[in-house]
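Structure file target.csv with CSV, C-alpha atoms:
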chain,number,residue,atom,x,y,z
A,1,MET,CA,-43.9,35.2,36.9
A,2,THR,CA,-42.9,31.6,37.4
A,3,THR,CA,-39.4,30.4,37.5
A,4,ASP,CA,-37.7,27.0,37.8
A,5,SER,CA,-34.7,26.3,39.9
A,6,THR,CA,-32.3,26.8,36.9
A,7,GLU,CA,-33.6,30.2,35.8
A,8,ARG,CA,-31.8,33.2,37.1
A,9,ILE,CA,-33.7,35.5,39.4
A,10,ASP,CA,-32.0,38.9,39.5
A,11,ALA,CA,-34.9,41.1,40.5
A,12,PRO,CA,-34.4,43.5,43.4
A,13,ALA,CA,-37.4,41.9,45.1
A,14,ALA,CA,-35.7,38.5,45.0
A,15,GLN,CA,-32.6,39.9,46.6
A,16,ALA,CA,-34.7,41.7,49.3
A,17,GLU,CA,-36.5,38.4,50.0
A,18,ALA,CA,-33.1,36.6,50.3
A,19,GLN,CA,-32.0,39.3,52.8
A,20,ARG,CA,-35.2,38.9,54.8
A,21,ALA,CA,-34.6,35.1,54.9
A,22,PHE,CA,-31.1,35.7,56.1
A,23,ASN,CA,-32.3,38.0,58.9
A,24,MET,CA,-34.9,35.5,60.0
A,25,SER,CA,-32.5,32.6,60.1
A,26,ILE,CA,-30.0,34.6,62.1
A,27,ILE,CA,-32.7,35.7,64.5
A,28,VAL,CA,-33.9,32.1,65.1
A,29,SER,CA,-30.3,31.0,65.6
A,30,GLY,CA,-29.8,33.9,68.0
A,31,ILE,CA,-32.9,33.1,70.0
A,32,ARG,CA,-31.7,29.5,70.3
A,33,CYS,CA,-28.3,30.7,71.7
A,34,THR,CA,-30.0,33.2,74.0
A,35,LEU,CA,-32.2,30.5,75.4
A,36,ALA,CA,-29.4,28.0,75.7
A,37,TYR,CA,-26.8,30.3,77.4
A,38,VAL,CA,-28.8,32.9,79.3
A,39,VAL,CA,-32.5,32.0,79.9
A,40,LEU,CA,-32.3,28.3,80.6
A,41,PRO,CA,-29.2,28.1,82.7
A,42,PHE,CA,-29.8,31.3,84.8
A,43,ILE,CA,-33.4,32.4,84.6
A,44,THR,CA,-35.4,29.1,84.7
A,45,PRO,CA,-33.9,28.0,88.0
A,46,LEU,CA,-34.8,31.3,89.5
A,47,ILE,CA,-38.5,30.8,88.5
A,48,GLY,CA,-38.5,27.2,89.6
A,49,LEU,CA,-38.5,25.3,86.3
A,50,ALA,CA,-36.8,21.9,86.1
A,51,PRO,CA,-33.1,22.0,85.0
A,52,GLY,CA,-33.7,19.4,82.3
A,53,VAL,CA,-36.0,21.6,80.2
A,54,GLY,CA,-33.1,23.2,78.3
A,55,PRO,CA,-32.4,20.3,75.9
A,56,ALA,CA,-36.1,19.6,75.3
A,57,ILE,CA,-36.5,23.2,74.2
A,58,GLY,CA,-33.2,23.6,72.5
A,59,ILE,CA,-33.5,20.7,70.0
A,60,PRO,CA,-36.7,21.9,68.3
A,61,ILE,CA,-35.4,25.5,68.2
A,62,ALA,CA,-32.1,24.4,66.7
A,63,SER,CA,-33.9,22.3,64.1
A,64,VAL,CA,-36.0,25.3,63.1
A,65,ALA,CA,-32.8,27.4,62.9
A,66,ILE,CA,-31.2,24.9,60.6
A,67,VAL,CA,-34.2,24.9,58.3
A,68,ALA,CA,-34.3,28.7,58.3
A,69,ASN,CA,-30.6,28.8,57.4
A,70,VAL,CA,-31.0,26.4,54.5
A,71,VAL,CA,-34.0,28.4,53.2
A,72,SER,CA,-31.8,31.5,53.4
A,73,ILE,CA,-28.9,29.9,51.5
A,74,ARG,CA,-31.3,28.8,48.7
A,75,ARG,CA,-32.8,32.2,48.4
A,76,PHE,CA,-29.5,33.9,48.2
A,77,TRP,CA,-28.3,31.5,45.5
A,78,ARG,CA,-31.5,31.7,43.5
A,79,ALA,CA,-31.4,35.5,43.6
A,80,GLU,CA,-27.8,35.4,42.6
A,81,HIS,CA,-27.1,37.9,45.4
A,82,PRO,CA,-23.6,39.4,45.3
A,83,TRP,CA,-23.0,38.3,48.9
A,84,ARG,CA,-24.2,34.7,48.4
A,85,LYS,CA,-20.8,33.0,48.9
A,86,PRO,CA,-19.9,34.8,52.2
A,87,ILE,CA,-23.5,34.4,53.5
A,88,THR,CA,-23.3,30.7,52.6
A,89,VAL,CA,-20.1,30.3,54.6
A,90,LEU,CA,-21.7,32.1,57.6
A,91,HIS,CA,-24.8,29.9,57.4
A,92,ILE,CA,-22.7,26.7,57.2
A,93,ALA,CA,-20.9,27.8,60.3
A,94,VAL,CA,-24.2,28.5,62.1
A,95,ILE,CA,-25.6,25.2,60.9
A,96,ALA,CA,-22.5,23.3,62.2
A,97,PHE,CA,-22.9,25.1,65.6
A,98,MET,CA,-26.6,24.1,65.7
A,99,VAL,CA,-25.8,20.5,64.9
A,100,VAL,CA,-23.2,20.4,67.7
A,101,LEU,CA,-25.8,21.9,70.1
A,102,ILE,CA,-28.4,19.2,69.0
A,103,VAL,CA,-25.8,16.5,69.6
A,104,LEU,CA,-25.0,17.9,73.1
A,105,ASP,CA,-28.7,18.3,73.9
A,106,THR,CA,-29.5,14.8,72.7
A,107,ARG,CA,-26.6,13.4,74.9
A,108,SER,CA,-27.9,15.4,77.8
A,109,LEU,CA,-31.4,13.9,77.4
A,110,LEU,CA,-30.1,10.4,77.1
A,111,THR,CA,-27.9,10.4,80.1

What is this file in structure tokens?
Amino acid sequence: MTTDSTERIDAPAAQAEAQRAFNMSIIVSGIRCTLAYVVLPFITPLIGLAPGVGPAIGIPIASVAIVANVVSIRRFWRAEHPWRKPITVLHIAVIAFMVVLIVLDTRSLLT
């Protein structure tokens, strides 16, 4: 079955796929936050890694998290999932947080 972006997709499989995309995007965002606030500030100094590795790792992970969130938003809307509006609000908040982290990491690398 092929669909274009204007055709409604209301199959349970499409909604399940949207929920899997949501789960993955939240997991990636959570990994980024765990690395930024637990692993990099506390654990990497204990094992002797340089303190400047955080931003270099954080920027790519945050970028992947943003892409995963956008993919999830698209899947929720294409599936016309009943929770698409609240999920979109949540994703936008996570994306905004990731953008702030990218800006802070970029500033840290440039100074």

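CA of Glu80 (chain A) sits 9.4 Å away from CA of Ala18 (chain A).
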
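Nearest to Leu104 (chain A) of all the residues A:Val67, A:Ile87, A:Met24, A:Ala62 is A:Ala62, based on all atoms listed in the file.
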
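Minimum distance to Ala14 (chain A) across A:Leu101, A:Ile43, A:Ile92, A:Ala79 (counting all atoms listed in the file) occurs at A:Ala79.
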
**OP:** Counting only C-alpha atoms, figure out which residue out of A:His91, A:Ile73, A:Ile102, A:Ala11 gets nearest to Ile61 (chain A).
**Re:** A:Ile102

Subject >> Neighbour list for Ala16 (chain A) as a PyMOL selection string, cut-off 10 Å, all atoms listed in the file, skip fewer than 4 positions in-chain >> reply: chain A and resi 11-12+20-22+75-76+79+81

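Between Ala56 (chain A) and the candidates A:Arg74, A:Ala36, A:Lys85, A:Ala13, the tightest atom-to-atom separation, counting only C-alpha atoms, involves A:Ala36.
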
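CA of Asn69 (chain A) is found 7.1 Å from CA of Ile95 (chain A).
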
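Across the structure, CA of Ala65 (chain A) and CA of Ile27 (chain A) are spaced 8.5 Å apart.
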
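Each of A:Ile31, A:Gln19, A:Ile59, A:Val38 was compared to Ser108 (chain A) using all atoms listed in the file, and A:Ile59 turns out to be the nearest.
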
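Using only C-alpha atoms, the shortest contact distance between Ser72 (chain A) and any of A:Met98, A:Ile57, A:Leu46, A:Leu90 is found at A:Leu90.
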